[in-house]
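K.L.:
Below is one structure. I have some questions about it.
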Amino acid sequence: MDDFRKNAAEAVSQALIRAGHTAPDGLDAMFEIPSDSSNGDLALPCFRLSKTLRMPPPAIAAEIRENMGTFTGLAKTKAVGGYLNFFAEGASYAAMLDMMTEDFGKSDIGSGKTFVIDFSSPNIAKRFHLGHLGTTVIGNAVRNIYRFCGYNTVAINYLGDWGTQNGKQIVAFRRWSSREQVERDGVAELERIYVLFGKEAEKDPSLNDEARSAFHSLECGDKECLEIWQLLRDVSLREYKKTYERLGIEFDLWDGESKYTDKMPAVVDELREKGLLNLDDGASIVDLSEFGMPPALILKRDGSTLYPTRDIAAACWRYDTYKFDKCAYVTSAGQSLHFAQWFKVTELMGKPWSKDLVHIPYGTMSFGGEKLASRTGNIILLCDVFDEAVNKAYSIIEEKNAELEDKKSTAEAVGLGAVIFGALSNSRIKDVSFTWESALSFEGNTGPYVQYTYARAASLLRKAGEYGEADSADPGPDEIALIKQLALFPDRVKAACADFEPSYIARFMLDTCACFNKFYHNCTILRETGDVRAFRLKLVAATKRILGASLDLLGMRRTEEI
Ligand code: ARG
């Protein structure tokens, strides 16, 4: 469709000159693809020209139409309201299909640029639960999309491994656990004693002072505290890595908050030198009232550093190390204020890269009307959700296709796919209330439906064997609708990249599956002969390629057979 667009832009520009105007720059980018295909293949919204031409949009559409010659691939034009619509001829659909090669949708808009993305980043000593699902799968998908657009990407898992909660864990460990117990039961044991700490501290608040002082000792490099902390971190990381491996998610860096302890004094000094630091009841803060925000807390009364301080130090390090073009953070919307505050502080510090920091928030997940929180024990473990989904996929396969060779790994792919797709198919900012029913639903607009459609295309191609090239083509309405749908892929990828919105890809996949299945039901394929067969199989192959690339982007597995 790119050629068609270029030709159309050229023809419009000639028409404008013929009508006595000067053709504006960037005409190419003004075109849109009509959402309703009865409006053609390409549309020029003429209101975009009405300011420069000083004419109402319908008059512009009519004038261009009168003065425009024809060009290769054009069947006809039609002026509707303020739009000039372009209809391509059959052969140009074949040309469109020709363009859908292996790399279709990839771009180089990010070439030479670096995109740093901080995602998943769990707090150590807590098990992976549903609350971590959003940041993990959204972050991974956004990273894949950026890579697909040519960016050099750096994925950082910024473990929450340095904060007052670690003081609590150290105290709890000393009192109620041992190295052996932790080695044996892993993070579950760490969580057990953390919950216990919460209960005990309610009865005896002095435990909280003890925890604060344990964290302070940790910050001062106390050997015993450091050893316990190292154990908590090692055990946690070992378990997290299993989950990431299962999901096929890789990080370039595992630098947690602790890495920045020695980089914070420089930040605090810089803030002080720049006159940004104020004392407030013994604590050091940056006043943000002018910007309608509460102050950013930099140092506590006892001199301990805080979450924002570490984020500022880490961002400085990221810029010095990677000279990023964008540095993104994926967390729940609950942290939006935190990011707005410290982003503002870096701006006040005069950091030129401050404008390149992006927060990618997503809606919170609740269960049974309550917030998920490991502190209170209202959690659903991610591995339980995955296991349930995989078991269900297994029993469906068992029932419908017992002969399938690799039932286990297919069930794993489909089960995880259901959960991942479920988390990515809605606009990311929407709050979600988790129900087992919808997480385990394989019908309708779900991951398994997409994977199943992909497998259907794969199976058709396997059965077809060699199918050669079509010399001529006369596609019917279902074929045209599918080609047009597939042609949207590059634009959808670019939009998902610009808006950090994997749901655009999910939506695109569902629309593609709908078009493909309609085509599949209405058109015979394998029983055809000659050009028709070759053309239709080529269309199946393009669908498979593009759905496959989309699955890759969302971090789901391609299922060649279900
Ligand atoms: N560890 C934090 C949490 O679990 C998320 C960290 C997000 N990244 C950051 N640079 N602050 O809520």
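Identifiers in this document derive from the order of the structure tokens: chains are assigned A, B, ..., residues are numbered from 1 separately in each chain, and ligands are numbered from 1 in order of occurrence.
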Contacts of Arg147 of chain A at 10 Å or less, counting only C-alpha atoms, minus same-chain residues fewer than 4 places along, as a CSV table (one decimal) with all heavy atoms, in the first residue's frame?
P.N.:
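The resulting selection.csv:
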chain,number,residue,atom,x,y,z
A,106,LYS,N,8.4,-4.4,10.3
A,106,LYS,CA,9.6,-3.9,10.9
A,106,LYS,C,9.9,-2.5,10.4
A,106,LYS,O,9.6,-2.2,9.3
A,106,LYS,CB,10.8,-4.8,10.6
A,106,LYS,CG,11.0,-5.9,11.5
A,106,LYS,CD,12.4,-6.6,11.4
A,106,LYS,CE,12.4,-7.8,12.2
A,106,LYS,NZ,13.5,-8.7,11.9
A,107,SER,N,10.6,-1.7,11.2
A,107,SER,CA,11.0,-0.4,10.7
A,107,SER,C,12.3,0.0,11.3
A,107,SER,O,12.8,-0.7,12.2
A,107,SER,CB,9.9,0.6,11.0
A,107,SER,OG,9.9,0.9,12.4
A,108,ASP,N,12.8,1.1,10.8
A,108,ASP,CA,14.1,1.6,11.3
A,108,ASP,C,13.9,2.9,11.9
A,108,ASP,O,14.8,3.7,12.1
A,108,ASP,CB,15.2,1.6,10.2
A,108,ASP,CG,14.7,2.4,9.0
A,108,ASP,OD1,13.6,3.0,9.1
A,108,ASP,OD2,15.4,2.3,8.0
A,110,GLY,N,13.8,3.6,14.9
A,110,GLY,CA,14.6,3.7,16.1
A,110,GLY,C,16.1,3.5,15.8
A,110,GLY,O,16.8,3.4,16.8
A,111,SER,N,16.4,3.4,14.6
A,111,SER,CA,17.8,3.0,14.3
A,111,SER,C,18.8,4.1,14.9
A,111,SER,O,18.6,5.3,14.7
A,111,SER,CB,18.0,2.7,12.8
A,111,SER,OG,18.8,3.7,12.3
A,114,THR,N,18.6,4.6,21.5
A,114,THR,CA,18.6,3.6,22.6
A,114,THR,C,17.3,3.8,23.5
A,114,THR,O,17.0,5.0,23.9
A,114,THR,CB,19.9,3.7,23.4
A,114,THR,OG1,21.0,3.4,22.6
A,114,THR,CG2,19.8,2.8,24.6
A,115,PHE,N,16.7,2.7,23.7
A,115,PHE,CA,15.5,2.8,24.5
A,115,PHE,C,15.7,1.9,25.8
A,115,PHE,O,15.9,0.7,25.7
A,115,PHE,CB,14.3,2.2,23.7
A,115,PHE,CG,13.0,2.1,24.4
A,115,PHE,CD1,12.3,3.2,24.8
A,115,PHE,CD2,12.4,0.8,24.7
A,115,PHE,CE1,11.1,3.1,25.5
A,115,PHE,CE2,11.2,0.7,25.4
A,115,PHE,CZ,10.5,1.9,25.8
A,141,ALA,N,6.4,-6.7,26.2
A,141,ALA,CA,5.8,-6.4,24.9
A,141,ALA,C,6.3,-5.1,24.4
A,141,ALA,O,6.7,-5.0,23.2
A,141,ALA,CB,4.3,-6.5,25.0
A,142,VAL,N,6.4,-4.1,25.2
A,142,VAL,CA,6.8,-2.8,24.8
A,142,VAL,C,8.3,-2.9,24.3
A,142,VAL,O,8.7,-2.3,23.3
A,142,VAL,CB,6.7,-1.7,25.9
A,142,VAL,CG1,7.4,-0.4,25.5
A,142,VAL,CG2,5.2,-1.4,26.2
A,143,ARG,N,9.0,-3.6,25.1
A,143,ARG,CA,10.4,-3.8,24.7
A,143,ARG,C,10.5,-4.5,23.3
A,143,ARG,O,11.3,-4.0,22.5
A,143,ARG,CB,11.1,-4.7,25.8
A,143,ARG,CG,12.6,-4.8,25.6
A,143,ARG,CD,13.1,-6.2,25.4
A,143,ARG,NE,14.5,-6.1,25.3
A,143,ARG,CZ,15.4,-6.9,25.8
A,143,ARG,NH1,14.9,-8.0,26.4
A,143,ARG,NH2,16.6,-6.8,25.7
A,151,TYR,N,15.0,0.1,17.5
A,151,TYR,CA,15.7,0.6,18.6
A,151,TYR,C,16.7,-0.4,19.2
A,151,TYR,O,16.4,-1.6,19.2
A,151,TYR,CB,14.8,1.0,19.8
A,151,TYR,CG,14.0,2.3,19.5
A,151,TYR,CD1,12.8,2.3,18.7
A,151,TYR,CD2,14.4,3.5,20.0
A,151,TYR,CE1,12.1,3.4,18.5
A,151,TYR,CE2,13.7,4.7,19.8
A,151,TYR,CZ,12.5,4.6,19.0
A,151,TYR,OH,11.8,5.7,18.8
A,152,ASN,N,17.8,0.2,19.8
A,152,ASN,CA,18.6,-0.6,20.6
A,152,ASN,C,17.9,-0.6,22.0
A,152,ASN,O,17.7,0.5,22.5
A,152,ASN,CB,20.0,0.0,20.6
A,152,ASN,CG,20.9,-0.5,21.7
A,152,ASN,OD1,20.8,-1.7,22.0
A,152,ASN,ND2,21.6,0.3,22.4
A,153,THR,N,17.6,-1.8,22.5
A,153,THR,CA,16.8,-1.7,23.8
A,153,THR,C,17.7,-2.3,24.9
A,153,THR,O,18.5,-3.2,24.8
A,153,THR,CB,15.5,-2.6,23.7
A,153,THR,OG1,15.9,-3.9,23.4
A,153,THR,CG2,14.6,-2.1,22.6
A,154,VAL,N,17.4,-1.7,26.1
A,154,VAL,CA,18.1,-2.2,27.3
A,154,VAL,C,17.0,-2.5,28.3
A,154,VAL,O,16.3,-1.6,28.8
A,154,VAL,CB,19.0,-1.1,27.9
A,154,VAL,CG1,19.8,-1.7,29.1
A,154,VAL,CG2,20.0,-0.7,26.9
A,497,CYS,N,4.0,1.6,19.4
A,497,CYS,CA,5.3,2.0,19.8
A,497,CYS,C,5.2,3.5,20.3
A,497,CYS,O,5.7,3.8,21.5
A,497,CYS,CB,6.3,2.0,18.6
A,497,CYS,SG,8.0,2.4,18.9
A,553,LEU,N,5.7,-10.4,19.3
A,553,LEU,CA,5.7,-9.0,19.9
A,553,LEU,C,5.1,-9.1,21.3
A,553,LEU,O,5.6,-8.4,22.2
A,553,LEU,CB,5.0,-8.0,19.1
A,553,LEU,CG,5.7,-7.6,17.8
A,553,LEU,CD1,4.9,-6.6,17.0
A,553,LEU,CD2,7.1,-7.0,18.1
K.L.:
For ligand 1, collect every residue having any atom at a distance of at most 7 Å from a ligand atom (counting only C-alpha atoms and all ligand atoms); output as an MDAnalysis selection string.
P.N.:
chainID A and resid 118:119 121:123 158:160 311 329:331
K.L.:
Could you give me the residues within segment 268-418 of chain A that DSSP places in strand (DSSP E or B), as an MDAnalysis selection string?
P.N.:
chainID A and resid 277:280 283:286 296:299 305 326:332 357:362 365:367 370:371 373 378 381
K.L.:
Deliver the residues from the most recent selection as a file, using C-alpha atoms, as a short mmCIF file (atom, residue, chain, number, x, y, z; two decimals), in the first residue's frame.
P.N.:
data_model
loop_
_atom_site.label_atom_id
_atom_site.label_comp_id
_atom_site.auth_asym_id
_atom_site.auth_seq_id
_atom_site.Cartn_x
_atom_site.Cartn_y
_atom_site.Cartn_z
CA LEU A 277 16.97 20.97 49.09
CA ASN A 278 14.87 22.20 52.03
CA LEU A 279 14.76 20.95 55.57
CA ASP A 280 11.37 19.88 56.82
CA ALA A 283 14.06 15.50 56.68
CA SER A 284 15.41 16.84 53.38
CA ILE A 285 12.86 17.50 50.68
CA VAL A 286 12.45 19.23 47.34
CA ALA A 296 9.74 14.88 46.98
CA LEU A 297 11.38 13.20 49.98
CA ILE A 298 15.14 12.89 49.51
CA LEU A 299 16.58 12.05 52.93
CA THR A 305 17.72 7.52 51.58
CA LYS A 326 14.04 7.40 26.05
CA CYS A 327 14.01 5.82 29.46
CA ALA A 328 10.71 4.20 30.42
CA TYR A 329 9.29 2.78 33.65
CA VAL A 330 6.39 0.34 33.73
CA THR A 331 4.50 0.29 37.02
CA SER A 332 0.94 0.38 38.22
CA LEU A 357 11.81 9.99 30.99
CA VAL A 358 8.48 8.26 30.51
CA HIS A 359 6.20 6.59 32.98
CA ILE A 360 4.08 3.80 31.49
CA PRO A 361 1.31 3.23 34.02
CA TYR A 362 -1.25 0.45 33.97
CA MET A 365 -5.60 -5.52 39.53
CA SER A 366 -7.98 -6.46 42.28
CA PHE A 367 -9.42 -9.75 43.42
CA GLU A 370 -9.84 -5.99 47.28
CA LYS A 371 -6.41 -4.76 46.37
CA ALA A 373 -1.06 -7.05 48.61
CA ASN A 378 -4.52 -11.18 49.67
CA LEU A 381 0.41 -16.51 42.93
#
